[in-house]
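> Next comes the structure file run_33.cif, holding mmCIF, C-alpha atoms and all ligand atoms.
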data_run
#
loop_
_atom_site.label_atom_id
_atom_site.label_comp_id
_atom_site.auth_asym_id
_atom_site.auth_seq_id
_atom_site.Cartn_x
_atom_site.Cartn_y
_atom_site.Cartn_z
CA MET Y 142 6.81 145.28 -42.67
CA GLN Y 143 6.12 145.53 -38.95
CA ARG Y 144 3.34 147.91 -37.92
CA TRP Y 145 3.12 149.64 -34.57
CA PRO Y 146 -0.52 150.32 -33.67
CA SER Y 147 -0.78 153.02 -30.99
CA LEU Y 148 3.03 153.38 -30.82
CA PRO Y 149 5.15 156.04 -32.53
CA ASP Y 150 7.25 155.03 -35.55
CA PRO Y 151 10.57 153.76 -34.09
CA GLY Y 152 12.61 154.93 -37.12
CA LEU Y 153 11.26 158.49 -36.98
CA THR Y 154 11.63 158.54 -33.19
CA SER Y 155 15.32 157.59 -33.46
CA GLU Y 156 15.91 160.15 -36.23
CA ARG Y 157 14.41 162.89 -34.04
CA LEU Y 158 16.64 161.88 -31.14
CA LEU Y 159 19.75 161.77 -33.35
CA LYS Y 160 18.98 165.33 -34.50
CA LYS Y 161 18.71 166.47 -30.87
CA ILE Y 162 22.09 164.90 -30.10
CA GLY Y 163 23.73 166.93 -32.83
CA PRO Y 164 25.68 166.40 -36.06
CA SER Y 165 25.59 162.79 -37.19
CA VAL Y 166 28.54 160.83 -35.83
CA ILE Y 167 29.18 157.13 -36.44
CA PRO Y 168 29.37 155.16 -34.21
CA THR Y 169 26.38 156.80 -32.48
CA ASP Y 170 27.31 158.26 -29.09
CA VAL Y 171 24.74 156.47 -26.89
CA HIS Y 172 25.85 158.34 -23.78
CA ALA Y 173 24.86 161.62 -25.45
CA VAL Y 174 21.23 160.87 -24.47
CA THR Y 175 22.11 162.04 -20.95
CA ARG Y 176 22.77 165.50 -22.45
CA VAL Y 177 19.31 165.50 -24.06
CA TRP Y 178 17.66 164.53 -20.75
CA ASP Y 179 19.60 165.65 -17.68
CA ASN Y 180 17.33 163.50 -15.48
CA LEU Y 181 18.45 160.31 -17.24
CA SER Y 182 21.69 158.60 -16.25
CA ILE Y 183 23.54 155.45 -17.31
CA LEU Y 184 25.26 153.20 -14.78
CA GLU Y 185 27.26 150.00 -15.21
CA GLU Y 186 26.58 147.39 -12.54
CA ASN Y 187 27.21 143.74 -11.87
CA ILE Y 188 23.69 142.44 -12.68
CA ASP Y 189 22.28 139.15 -14.01
CA GLY Y 190 20.42 140.42 -17.09
CA PRO Y 191 21.77 142.70 -19.83
CA GLY Y 192 20.10 145.77 -18.33
CA TYR Y 193 16.94 147.61 -17.35
CA LEU Y 194 15.40 151.04 -16.91
CA LEU Y 195 14.90 152.12 -13.31
CA PRO Y 196 12.27 154.90 -13.03
CA LEU Y 197 12.97 157.29 -10.14
CA GLY Y 198 9.69 159.25 -10.09
CA LYS Y 199 10.27 163.00 -10.28
CA LEU Y 200 14.03 162.44 -10.41
CA GLY Y 201 13.83 160.82 -13.86
CA ALA Y 202 15.38 157.40 -14.41
CA GLU Y 203 18.57 155.37 -14.50
CA ILE Y 204 19.60 152.94 -17.20
CA ILE Y 205 21.49 150.07 -15.55
CA VAL Y 206 23.69 148.05 -17.88
CA ARG Y 207 25.68 144.87 -17.15
CA GLU Y 208 29.32 145.88 -16.74
CA ALA Y 209 30.65 142.49 -17.88
CA ASP Y 210 29.02 142.75 -21.32
CA PRO Y 211 31.02 143.61 -24.43
CA ILE Y 212 30.75 147.24 -25.48
CA GLU Y 213 28.57 146.39 -28.53
CA ARG Y 214 26.07 144.56 -26.31
CA GLN Y 215 26.09 147.41 -23.76
CA ARG Y 216 25.44 149.97 -26.48
CA PHE Y 217 22.45 148.00 -27.77
CA THR Y 218 21.10 147.57 -24.23
CA ILE Y 219 21.41 151.29 -23.53
CA ALA Y 220 19.67 152.16 -26.82
CA HIS Y 221 16.90 149.62 -26.08
CA GLU Y 222 16.34 151.12 -22.61
CA VAL Y 223 16.31 154.63 -24.10
CA GLY Y 224 13.39 153.28 -26.17
CA HIS Y 225 11.55 152.37 -22.93
CA TRP Y 226 12.41 155.81 -21.53
CA ILE Y 227 10.92 157.58 -24.58
CA LEU Y 228 7.75 155.44 -24.45
CA GLY Y 229 7.53 156.20 -20.69
CA ILE Y 230 7.82 159.97 -21.06
CA THR Y 231 5.42 159.93 -24.02
CA CYS Y 232 2.84 158.27 -21.73
CA GLU Y 233 3.65 160.74 -18.98
CA GLN Y 234 2.93 163.66 -21.30
CA LYS Y 235 -0.48 162.16 -22.14
CA THR Y 236 -1.60 160.74 -18.80
CA GLY Y 237 0.64 162.37 -16.20
CA GLU Y 238 2.07 158.97 -15.23
CA PHE Y 239 5.46 157.58 -16.34
CA ARG Y 240 4.80 154.03 -17.51
CA GLN Y 241 5.08 151.79 -20.55
CA PRO Y 242 2.05 151.92 -22.90
CA THR Y 243 -0.64 149.53 -21.66
CA GLY Y 244 -2.33 148.90 -25.04
CA PRO Y 245 0.24 146.77 -26.93
CA ARG Y 246 1.41 143.39 -25.60
CA SER Y 247 4.77 143.42 -23.81
CA GLU Y 248 6.44 141.46 -26.69
CA VAL Y 249 5.39 144.28 -29.04
CA ILE Y 250 6.91 146.88 -26.70
CA GLU Y 251 10.17 144.87 -26.52
CA LYS Y 252 10.26 144.52 -30.32
CA TRP Y 253 9.60 148.25 -30.64
CA CYS Y 254 12.55 149.04 -28.33
CA ASP Y 255 14.82 146.67 -30.32
CA THR Y 256 13.76 148.29 -33.60
CA PHE Y 257 14.27 151.75 -32.12
CA ALA Y 258 17.74 150.71 -30.84
CA ALA Y 259 18.77 149.32 -34.23
CA SER Y 260 17.72 152.50 -36.05
CA PHE Y 261 19.41 154.67 -33.41
CA LEU Y 262 22.73 152.79 -33.63
CA ILE Y 263 22.57 152.11 -37.38
CA PRO Y 264 20.76 155.13 -38.82
CA ARG Y 265 19.18 154.42 -42.20
CA ASN Y 266 20.99 157.21 -44.07
CA SER Y 267 24.37 156.38 -42.55
CA LEU Y 268 23.97 152.75 -43.60
CA LEU Y 269 22.96 153.71 -47.15
CA GLU Y 270 25.98 156.04 -47.29
CA TYR Y 271 28.30 153.31 -45.95
CA PHE Y 272 27.30 150.97 -48.78
CA SER Y 273 26.95 153.52 -51.57
CA GLY Y 274 29.22 152.79 -54.52
CA VAL Y 275 30.41 149.45 -53.09
CA CYS Y 276 30.82 146.97 -55.96
CA ASP Y 277 29.40 143.42 -55.85
CA SER Y 278 32.70 141.71 -55.15
CA ALA Y 279 33.60 144.08 -52.28
CA PHE Y 280 30.15 143.80 -50.68
CA PRO Y 281 30.80 140.80 -48.35
CA ARG Y 282 33.99 142.30 -46.82
CA HIS Y 283 32.28 145.67 -46.49
CA LEU Y 284 29.29 144.07 -44.78
CA LEU Y 285 31.52 142.12 -42.40
CA ASN Y 286 33.36 145.33 -41.46
CA ALA Y 287 30.11 147.23 -40.88
CA SER Y 288 29.56 145.96 -37.33
CA LYS Y 289 32.95 147.40 -36.30
CA ARG Y 290 32.19 150.70 -38.03
CA PHE Y 291 28.81 151.08 -36.29
CA LYS Y 292 30.05 149.41 -33.06
CA VAL Y 293 27.20 146.91 -32.93
CA SER Y 294 27.03 143.12 -32.87
CA GLU Y 295 27.15 141.21 -36.14
CA GLU Y 296 23.59 140.03 -35.48
CA ALA Y 297 22.26 143.58 -35.04
CA MET Y 298 24.10 144.62 -38.20
CA PHE Y 299 22.76 141.77 -40.34
CA LEU Y 300 19.16 142.28 -39.17
CA ARG Y 301 19.41 145.99 -39.91
CA ALA Y 302 20.94 145.32 -43.35
CA TYR Y 303 17.77 143.38 -44.16
CA GLU Y 304 15.51 146.16 -42.86
CA VAL Y 305 17.25 148.95 -44.75
CA LEU Y 306 18.79 147.32 -47.82
CA GLY Y 307 16.69 144.16 -48.14
CA THR Y 308 19.95 142.16 -47.90
CA ARG Y 309 19.38 138.54 -46.90
CA ILE Y 310 22.20 137.04 -44.87
CA ALA Y 311 22.71 133.55 -43.43
CA TYR Y 312 25.44 131.49 -41.79
CA VAL Y 313 25.88 128.29 -43.72
CA HIS Y 314 27.25 124.93 -42.56
CA CYS Y 315 29.32 123.08 -45.11
CA ASP Y 316 30.11 119.90 -43.21
CA ALA Y 317 27.30 117.87 -44.82
CA LEU Y 318 26.98 116.73 -48.44
CA ARG Y 319 25.15 119.90 -49.29
CA PRO Y 320 25.54 123.29 -47.64
CA ARG Y 321 22.68 124.09 -45.27
CA ILE Y 322 21.58 127.21 -43.45
CA ALA Y 323 22.65 127.23 -39.80
CA ARG Y 324 21.19 130.62 -38.97
CA SER Y 325 19.51 133.28 -41.03
CA PHE Y 326 18.95 136.98 -40.35
CA VAL Y 327 15.71 137.37 -42.27
CA PRO Y 328 12.00 136.79 -41.54
CA ARG Y 329 11.31 133.04 -41.32
CA ASP Y 330 9.54 132.71 -44.71
CA LEU Y 331 12.61 134.05 -46.50
CA THR Y 332 14.90 131.37 -45.06
CA ALA Y 333 13.27 128.82 -47.38
CA GLU Y 334 14.01 131.12 -50.30
CA MET Y 335 17.67 131.20 -49.28
CA GLU Y 336 17.68 127.38 -49.12
CA THR Y 337 16.67 127.29 -52.79
CA VAL Y 338 19.79 129.31 -53.63
CA LEU Y 339 21.96 126.75 -51.84
CA ALA Y 340 20.33 124.00 -53.89
CA ALA Y 341 20.70 125.74 -57.27
CA PRO Y 342 23.33 124.11 -59.57
CA SER Y 343 24.65 127.54 -60.59
CA ALA Y 344 25.41 128.28 -56.94
CA GLN Y 345 27.88 125.38 -56.64
CA GLU Y 346 30.53 127.37 -58.47
CA LEU Y 347 29.92 130.26 -56.11
CA PHE Y 348 30.67 128.11 -53.06
CA ARG Y 349 33.96 126.93 -54.56
CA SER Y 350 35.37 130.36 -55.30
CA GLU Y 351 35.75 133.13 -52.77
CA GLY Y 352 35.04 136.62 -54.08
CA LEU Y 353 32.83 135.46 -56.93
CA SER Y 354 29.39 137.01 -57.11
CA LEU Y 355 26.52 135.68 -59.09
CA ARG Y 356 23.23 137.21 -60.23
CA MET Y 357 20.20 135.11 -59.48
CA ARG Y 358 16.48 135.70 -59.88
CA LEU Y 359 14.18 134.80 -56.97
CA GLY Y 360 10.51 135.60 -57.56
CA SER Y 361 10.36 139.06 -59.07
CA THR Y 362 13.70 140.25 -57.69
CA THR Y 363 17.22 139.80 -59.00
CA PHE Y 364 19.84 139.31 -56.31
CA VAL Y 365 23.59 139.48 -56.29
CA CYS Y 366 24.64 136.31 -54.44
CA CYS Y 367 27.95 136.44 -52.62
CA TRP Y 368 29.65 133.82 -50.54
CA SER Y 369 32.31 134.43 -47.95
CA ARG Y 370 34.35 132.14 -45.72
CA LEU Y 371 35.29 133.91 -42.54
CA SER Y 372 39.00 133.58 -41.94
CA ASP Y 373 38.69 133.84 -38.16
CA SER Y 374 36.11 131.07 -37.79
CA SER Y 375 34.61 128.08 -39.54
CA LYS Y 376 31.57 130.13 -40.54
CA ASN Y 377 30.50 130.64 -44.12
CA ILE Y 378 28.18 133.46 -45.02
CA LEU Y 379 25.66 133.61 -47.83
CA ILE Y 380 24.58 137.10 -48.84
CA LEU Y 381 21.74 137.90 -51.22
CA ASN Y 382 21.68 141.57 -52.08
CA PRO Y 383 18.73 142.84 -54.13
CA CYS Y 384 19.60 144.72 -57.33
CA VAL Y 385 16.44 146.83 -57.01
CA THR Y 386 15.69 149.94 -54.96
CA PRO Y 387 15.66 149.05 -51.23
CA PRO Y 388 12.21 148.80 -49.61
CA ALA Y 389 10.93 151.83 -47.72
CA SER Y 390 11.40 150.98 -44.07
CA SER Y 391 12.19 152.43 -40.68
ZN ZN V 1 12.97 145.95 -22.83
#
When written as structure tokens, how does the structure in this file appear?
Ligand SMILES: [Zn+2]

Amino acid sequence: MQRWPSLPDPGLTSERLLKKIGPSVIPTDVHAVTRVWDNLSILEENIDGPGYLLPLGKLGAEIIVREADPIERQRFTIAHEVGHWILGITCEQKTGEFRQPTGPRSEVIEKWCDTFAASFLIPRNSLLEYFSGVCDSAFPRHLLNASKRFKVSEEAMFLRAYEVLGTRIAYVHCDALRPRIARSFVPRDLTAEMETVLAAPSAQELFRSEGLSLRMRLGSTTFVCCWSRLSDSSKNILILNPCVTPPASS
């Protein structure tokens, strides 16, 4: 689990902000942050990068977001920049100067803002509620619909599903003799663990039949393995959902 020395907890920070915005609404209303801070505004512009935070001194700041980006991307960018804004005003309260914290490396700050954005757009409790009572065979379809429900990219959704539920998800190529992982949405060391599932003889039946789920033990955890072929693309998805209590996380 990622630690954030000298930075606030991104999950708790997003929960506090969601409370300030008002009753929980999914998808999260990212523009509502401008009601929390009237000196913060959001503008769409024709820029090269996805977006940035423009501090305006005593006037507050503007979040500039690329107008050509899909709405899901824009929402993540806005939430990420709100993370920078919160870190900036936290510094300002301590030192009198609006700036990003100087202690942690810039990659850590960027990761913090991404983690904050994911928990702001996909709040932990809302995600748990979304999946509560979903049976094994309905899990893949429910997971694939989740990005639309939360209005985030599939990538953001899959990474967050790992953080909150411990669900391991990977795109799998099936053009070779044996299926292989094309892209996984888990920490690197867990990709190897997913490869072992692809190699297991019991998994072969899973790959032949859509909708079948299989229980499989990996280390000390039992997973429900599901396999889904996406109808709108050539992608196959492997999902390993732990049968145990999800890990405590942001
Ligand atoms: Zn950033």
> Show me the residues close to (29.3, 130.1, -43.3) - anything with an atom within 7 Å, counting all atoms listed in the file - and format the list as a list in words.
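Here is the list of nearby residues: Tyr312, Val313, His314, Arg370, Ser375, Lys376, Asn377, Ile378 and Leu379 of chain Y.
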> Could you check which of Y:Ser325, Y:Ser147, Y:Ser165, Y:Thr218 is closest to ligand ZN 1 (chain V), using all atoms listed in the file?
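Looking at the shortest contact to ligand ZN 1 (chain V), the residue is Y:Thr218.
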> Give me, as CSV, each residue of chain Y that comes within 7 Å of ligand ZN 1 (chain V), together with its shortest interatomic pair and the distance in Å at one decimal, counting all atoms listed in the file, with rows ordered by chain and rising residue number.

residue,atom,partner,partner_atom,distance
Y:Tyr193,CA,V:ZN1,ZN,7.0
Y:His221,CA,V:ZN1,ZN,6.3
Y:Glu222,CA,V:ZN1,ZN,6.2
Y:His225,CA,V:ZN1,ZN,6.6
Y:Glu251,CA,V:ZN1,ZN,4.8
Y:Cys254,CA,V:ZN1,ZN,6.3
> Can you tell me, as an NGL selection string, what residues are no more than 8 Å from Asp277 (chain Y) when counting all atoms listed in the file, ignoring any on the same chain fewer than 4 positions away?
:Y and (354 or 365 or 367)
> Show me, as a VMD selection string, the residues that have an atom within 10 Å of region 291-306 of chain Y when counting only C-alpha atoms, minus same-chain residues fewer than 6 positions from it.
chain Y and resid 142 166 to 169 211 to 217 255 to 256 258 to 260 262 to 269 271 to 272 284 to 285 325 to 328 380 to 391
> Residues within 9 Å of Ile183 (chain Y), please, as a list of chain:residue names. Count all atoms listed in the file; anything in the same chain fewer than 3 positions from it doesn't count.
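My list of contacting residues is Y:His172, Y:Thr175, Y:Ala202, Y:Glu203, Y:Ile204, Y:Ile205, Y:Val206, Y:Ile219.
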> I need the residues from that last selection saved to file as a CSV table (one decimal), keeping the file's coordinate frame (with C-alpha atoms), if you can.

chain,number,residue,atom,x,y,z
Y,172,HIS,CA,25.8,158.3,-23.8
Y,175,THR,CA,22.1,162.0,-21.0
Y,202,ALA,CA,15.4,157.4,-14.4
Y,203,GLU,CA,18.6,155.4,-14.5
Y,204,ILE,CA,19.6,152.9,-17.2
Y,205,ILE,CA,21.5,150.1,-15.6
Y,206,VAL,CA,23.7,148.0,-17.9
Y,219,ILE,CA,21.4,151.3,-23.5
